[in-house]
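Participant: First the structure, then my questions, so here it is.
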Amino acid sequence: MPEASTPAASLPALPAIDPRRYILRQRMVLRMIIWAGYGLIRLIGPTLRICFSREDDAQETLDQRPLVASFWHSCMIPATYVFRDMGIRVMSSNSYDGEYMGRIIHKFGFVAVKGSSSRNAVRALLGLRRALEDGWTVAFTLDGPRGPRRKVKPGPVALARSSGMALTMFHAAVDKAWVLNTWDGLMIPAPFSRVLLRFGKMIPVPAQASDEDVERYTAELQSSLDRVVEFAEANVSAVGTAEFPVIDC
């Protein structure tokens, strides 16, 4: 089983940005985005007032490993800070956006596995399954890389069935954030804002589940995510009270 902390410095080095794929201007812009994104998260993250909350029988973090974790693309920034240095494997698209996001999260101790629901999906799922077998938690931004927003895709359920690992899901609600005018409504938390990170009940998916069962579990995952989003958004303003105490993160 891997160690609980996996600083970025201990991860394999990423290859240089491929000059055959990106022209000089694109490579320069990528480098600027990567360092700006890293700096933004590193600057804002320590100021956040974070609370973990869970449904009955749900875990309160991703320390219990391995798991197949799911969340929405919009809360990538707080999730990246909260779960840094845990060696979590994340499916990352082969797009321009996926290139810089994969490199930003690598600086926070994540490992990007290339692929998406539309391209190289089988290769990516095989890579994630190997990661699970090695004891690592894997994570999906379920509505990535390009939507539709907050619509579950079947990849996590298929991976849970083939690997025997349970599904978990969470949402990070932020009380004060800049919401970008993008397909996912990406949230950039304001400094010193409250964050309520709500976990839903784990969903075991048996290896013998039929394709019809997979559809049912996918619908259950959708329902669970909808439920934790509703709870987190309704209660984030109470973070810092006795019911939702702030943790040291």
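A note on labels: chains of the structure tokens are A, B, ... as shown, every chain counts residues from 1, and ligands are counted from 1 in their shown order.
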Kindly assemble as CSV a list of the segment 198-239 of chain A residues that lie within 12 Å of segment 150-155 of chain A, each paired with its nearest atom pair and their distance in Å to one decimal, using only C-alpha atoms, sorted first by chain and then by ascending residue number.

Facilitator:
residue,atom,partner,partner_atom,distance
A:Asp211,CA,A:Pro154,CA,10.5
A:Glu212,CA,A:Pro154,CA,11.8
A:Asp213,CA,A:Pro154,CA,11.4
A:Val214,CA,A:Pro154,CA,7.7
A:Glu215,CA,A:Pro154,CA,7.7
A:Arg216,CA,A:Pro154,CA,10.3
A:Tyr217,CA,A:Pro154,CA,8.9
A:Thr218,CA,A:Pro154,CA,6.0
A:Ala219,CA,A:Val152,CA,7.9
A:Glu220,CA,A:Val152,CA,9.8
A:Leu221,CA,A:Val152,CA,7.4
A:Gln222,CA,A:Val152,CA,5.6
A:Ser223,CA,A:Val152,CA,9.4
A:Ser224,CA,A:Val152,CA,10.5
A:Leu225,CA,A:Arg150,CA,8.7
A:Asp226,CA,A:Arg150,CA,8.4
A:Val229,CA,A:Arg150,CA,10.1

Participant: Just to be explicit: take each residue in the selection above, keep C-alpha atoms, and write the result as a PDB file, in the first residue's frame.

Facilitator:
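Written output follows (out.pdb):
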ATOM      1  CA  ASP A 211     -24.975  -4.050 -18.173  1.00  0.00           C
ATOM      2  CA  GLU A 212     -28.474  -3.296 -16.912  1.00  0.00           C
ATOM      3  CA  ASP A 213     -27.105  -3.165 -13.368  1.00  0.00           C
ATOM      4  CA  VAL A 214     -24.393  -0.767 -14.526  1.00  0.00           C
ATOM      5  CA  GLU A 215     -27.101   1.606 -15.749  1.00  0.00           C
ATOM      6  CA  ARG A 216     -28.820   1.363 -12.366  1.00  0.00           C
ATOM      7  CA  TYR A 217     -25.584   2.046 -10.457  1.00  0.00           C
ATOM      8  CA  THR A 218     -24.851   4.974 -12.764  1.00  0.00           C
ATOM      9  CA  ALA A 219     -28.258   6.425 -11.933  1.00  0.00           C
ATOM     10  CA  GLU A 220     -27.550   5.843  -8.222  1.00  0.00           C
ATOM     11  CA  LEU A 221     -24.231   7.679  -8.537  1.00  0.00           C
ATOM     12  CA  GLN A 222     -26.026  10.575 -10.239  1.00  0.00           C
ATOM     13  CA  SER A 223     -28.604  10.693  -7.448  1.00  0.00           C
ATOM     14  CA  SER A 224     -25.899  10.573  -4.760  1.00  0.00           C
ATOM     15  CA  LEU A 225     -23.954  13.432  -6.321  1.00  0.00           C
ATOM     16  CA  ASP A 226     -27.104  15.506  -6.702  1.00  0.00           C
ATOM     17  CA  VAL A 229     -24.362  18.971  -3.913  1.00  0.00           C
TER      18      VAL A 229
END

Participant: Skip segment 73-76 of chain A itself and residues of its chain fewer than 6 positions away, then list as a list of chain:residue names all residues within 7 Å of it, counting only C-alpha atoms.

Facilitator: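 Listing them by chain and then by number gives A:Thr141, A:Leu142, A:Asp143, A:Gly144, A:Ala172, A:Asp184, A:Gly185, A:Leu186, A:Met187.
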
Participant: Keeping N, CA and C atoms for every residue in the selection just given, could you write it to a file as a PDB file, in the first residue's frame?

Facilitator:
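This went into selection_18.pdb:
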ATOM      1  N   THR A 141     -13.420  13.582 -12.728  1.00  0.00           N
ATOM      2  CA  THR A 141     -14.327  14.727 -12.820  1.00  0.00           C
ATOM      3  C   THR A 141     -15.411  14.274 -13.800  1.00  0.00           C
ATOM      4  N   LEU A 142     -16.534  13.887 -13.247  1.00  0.00           N
ATOM      5  CA  LEU A 142     -17.505  13.089 -13.986  1.00  0.00           C
ATOM      6  C   LEU A 142     -18.082  13.770 -15.218  1.00  0.00           C
ATOM      7  N   ASP A 143     -18.180  15.097 -15.172  1.00  0.00           N
ATOM      8  CA  ASP A 143     -18.746  15.777 -16.325  1.00  0.00           C
ATOM      9  C   ASP A 143     -17.660  16.357 -17.229  1.00  0.00           C
ATOM     10  N   GLY A 144     -16.397  16.025 -16.970  1.00  0.00           N
ATOM     11  CA  GLY A 144     -15.317  16.500 -17.823  1.00  0.00           C
ATOM     12  C   GLY A 144     -15.125  15.590 -19.023  1.00  0.00           C
ATOM     13  N   ALA A 172     -17.521  19.930  -3.220  1.00  0.00           N
ATOM     14  CA  ALA A 172     -16.966  21.023  -2.438  1.00  0.00           C
ATOM     15  C   ALA A 172     -17.748  22.288  -2.757  1.00  0.00           C
ATOM     16  N   ASP A 184     -18.450  24.472 -17.419  1.00  0.00           N
ATOM     17  CA  ASP A 184     -18.552  23.797 -16.127  1.00  0.00           C
ATOM     18  C   ASP A 184     -18.847  24.741 -14.971  1.00  0.00           C
ATOM     19  N   GLY A 185     -18.789  26.071 -15.205  1.00  0.00           N
ATOM     20  CA  GLY A 185     -18.958  27.007 -14.101  1.00  0.00           C
ATOM     21  C   GLY A 185     -17.862  26.858 -13.062  1.00  0.00           C
ATOM     22  N   LEU A 186     -16.599  26.757 -13.510  1.00  0.00           N
ATOM     23  CA  LEU A 186     -15.467  26.531 -12.611  1.00  0.00           C
ATOM     24  C   LEU A 186     -15.422  27.591 -11.516  1.00  0.00           C
ATOM     25  N   MET A 187     -15.278  27.141 -10.269  1.00  0.00           N
ATOM     26  CA  MET A 187     -15.237  28.034  -9.115  1.00  0.00           C
ATOM     27  C   MET A 187     -13.799  28.340  -8.725  1.00  0.00           C
TER      28      MET A 187
END

Participant: Using only C-alpha atoms, pick whichever of A:Ser92, A:Thr61, A:Ser162, A:Thr80 has the shortest atom-to-atom distance to Ile247 of chain A.

Facilitator: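 Between A:Ser92, A:Thr61, A:Ser162, A:Thr80, the residue approaching Ile247 of chain A most closely is A:Thr61.
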
Participant: Excluding segment 48-60 of chain A and any residue of its chain fewer than 2 positions from it, enumerate the residues within 9 Å of it, using only C-alpha atoms, and give them as a ChimeraX atom specification.

Facilitator: /A:44-46,62-64,78,82,168,170,189-202,228,232,236,239-240,244-249

Participant: Using only C-alpha atoms, which of the listed residues (A:Arg27, A:Arg84, A:Arg65, A:Arg103) sits closest to Met165 of chain A?

Facilitator: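 Using only C-alpha atoms, Met165 of chain A sits closest to A:Arg65.
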
Participant: So how many Å separate atom CA of Gly37 of chain A and atom CA of Asp175 of chain A, to one decimal?

Facilitator: 20.7 Å

Participant: What lies within 12 Å of Ala13 of chain A using only C-alpha atoms, ignoring chain neighbours under 5 positions off, as a list in words?

Facilitator: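 Once the nearby chain positions are removed, what remains is Ala8, Arg103, His106, Lys107, Gly109, Phe110, Val111 and Ala112 of chain A.
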
Participant: Take the selection from the previous step and output its residues with all heavy atoms, as an mmCIF file, in the first residue's frame.

Facilitator:
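Output file out05.cif follows:
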data_model
loop_
_atom_site.group_PDB
_atom_site.id
_atom_site.type_symbol
_atom_site.label_atom_id
_atom_site.label_comp_id
_atom_site.auth_asym_id
_atom_site.auth_seq_id
_atom_site.Cartn_x
_atom_site.Cartn_y
_atom_site.Cartn_z
ATOM 1 N N ALA A 8 4.711 15.982 -4.547
ATOM 2 C CA ALA A 8 4.948 16.021 -5.986
ATOM 3 C C ALA A 8 6.398 15.701 -6.323
ATOM 4 O O ALA A 8 6.682 15.100 -7.358
ATOM 5 C CB ALA A 8 4.562 17.399 -6.527
ATOM 6 N N ARG A 103 -0.618 19.058 -15.638
ATOM 7 C CA ARG A 103 0.660 19.549 -15.119
ATOM 8 C C ARG A 103 0.480 20.373 -13.841
ATOM 9 O O ARG A 103 1.351 20.361 -12.969
ATOM 10 C CB ARG A 103 1.388 20.353 -16.205
ATOM 11 C CG ARG A 103 1.861 19.458 -17.342
ATOM 12 C CD ARG A 103 2.510 20.215 -18.488
ATOM 13 N NE ARG A 103 2.899 19.272 -19.528
ATOM 14 C CZ ARG A 103 4.073 18.630 -19.567
ATOM 15 N NH1 ARG A 103 4.974 18.853 -18.623
ATOM 16 N NH2 ARG A 103 4.339 17.783 -20.536
ATOM 17 N N HIS A 106 -0.161 17.812 -11.051
ATOM 18 C CA HIS A 106 1.068 17.066 -10.748
ATOM 19 C C HIS A 106 1.889 17.797 -9.693
ATOM 20 O O HIS A 106 2.505 17.165 -8.829
ATOM 21 C CB HIS A 106 1.880 16.863 -12.025
ATOM 22 C CG HIS A 106 3.124 16.047 -11.830
ATOM 23 N ND1 HIS A 106 4.341 16.609 -11.492
ATOM 24 C CD2 HIS A 106 3.331 14.700 -11.907
ATOM 25 C CE1 HIS A 106 5.246 15.659 -11.385
ATOM 26 N NE2 HIS A 106 4.664 14.494 -11.629
ATOM 27 N N LYS A 107 1.890 19.121 -9.748
ATOM 28 C CA LYS A 107 2.634 19.905 -8.768
ATOM 29 C C LYS A 107 2.034 19.772 -7.363
ATOM 30 O O LYS A 107 2.684 20.124 -6.375
ATOM 31 C CB LYS A 107 2.680 21.380 -9.188
ATOM 32 C CG LYS A 107 3.490 21.625 -10.462
ATOM 33 C CD LYS A 107 3.498 23.096 -10.838
ATOM 34 C CE LYS A 107 4.326 23.333 -12.088
ATOM 35 N NZ LYS A 107 5.756 22.999 -11.883
ATOM 36 N N GLY A 109 0.911 16.748 -6.284
ATOM 37 C CA GLY A 109 1.035 15.349 -5.892
ATOM 38 C C GLY A 109 0.026 14.409 -6.510
ATOM 39 O O GLY A 109 -0.155 13.287 -6.015
ATOM 40 N N PHE A 110 -0.632 14.806 -7.594
ATOM 41 C CA PHE A 110 -1.547 13.926 -8.323
ATOM 42 C C PHE A 110 -0.825 13.346 -9.539
ATOM 43 O O PHE A 110 0.199 13.880 -9.981
ATOM 44 C CB PHE A 110 -2.782 14.696 -8.812
ATOM 45 C CG PHE A 110 -3.660 15.240 -7.719
ATOM 46 C CD1 PHE A 110 -3.333 16.423 -7.073
ATOM 47 C CD2 PHE A 110 -4.820 14.579 -7.341
ATOM 48 C CE1 PHE A 110 -4.134 16.941 -6.066
ATOM 49 C CE2 PHE A 110 -5.635 15.082 -6.338
ATOM 50 C CZ PHE A 110 -5.291 16.264 -5.702
ATOM 51 N N VAL A 111 -1.392 12.284 -10.085
ATOM 52 C CA VAL A 111 -0.855 11.688 -11.311
ATOM 53 C C VAL A 111 -1.974 11.656 -12.347
ATOM 54 O O VAL A 111 -3.033 11.062 -12.100
ATOM 55 C CB VAL A 111 -0.319 10.261 -11.072
ATOM 56 C CG1 VAL A 111 0.148 9.634 -12.389
ATOM 57 C CG2 VAL A 111 0.825 10.288 -10.060
ATOM 58 N N ALA A 112 -1.753 12.306 -13.493
ATOM 59 C CA ALA A 112 -2.750 12.325 -14.552
ATOM 60 C C ALA A 112 -2.607 11.082 -15.422
ATOM 61 O O ALA A 112 -1.500 10.723 -15.828
ATOM 62 C CB ALA A 112 -2.581 13.583 -15.403
#

Participant: Which residue out of A:Glu243, A:Ser70, A:Asp134, A:Arg227 has the minimum interatomic distance to Val157 of chain A when only C-alpha atoms are used?

Facilitator: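 Closest to Val157 of chain A, using only C-alpha atoms: A:Ser70.
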
Participant: I'd like to know which of A:Leu30, A:Ala242, A:Ala139, A:Leu167 is closest to Ser95 of chain A, using only C-alpha atoms.

Facilitator: A:Leu30

Participant: Could you tell me, as JSON, numbers by chain, which residues of segment 61-192 of chain A DSSP assigns to alpha helix (DSSP H) when given the backbone?

Facilitator: {"A": [76, 77, 78, 79, 80, 81, 82, 96, 97, 98, 99, 100, 101, 102, 103, 104, 105, 106, 121, 122, 123, 124, 125, 126, 127, 128, 129, 130, 131, 132, 133, 155, 156, 157, 158, 159, 160, 161, 162, 163]}

Participant: For a quick check of understanding, using only C-alpha atoms, which of A:Arg31, A:Arg42, A:Arg123, A:Arg129 has the smallest distance to Pro156 of chain A?

Facilitator: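 With only C-alpha atoms as the atom set, the closest residue is A:Arg129.
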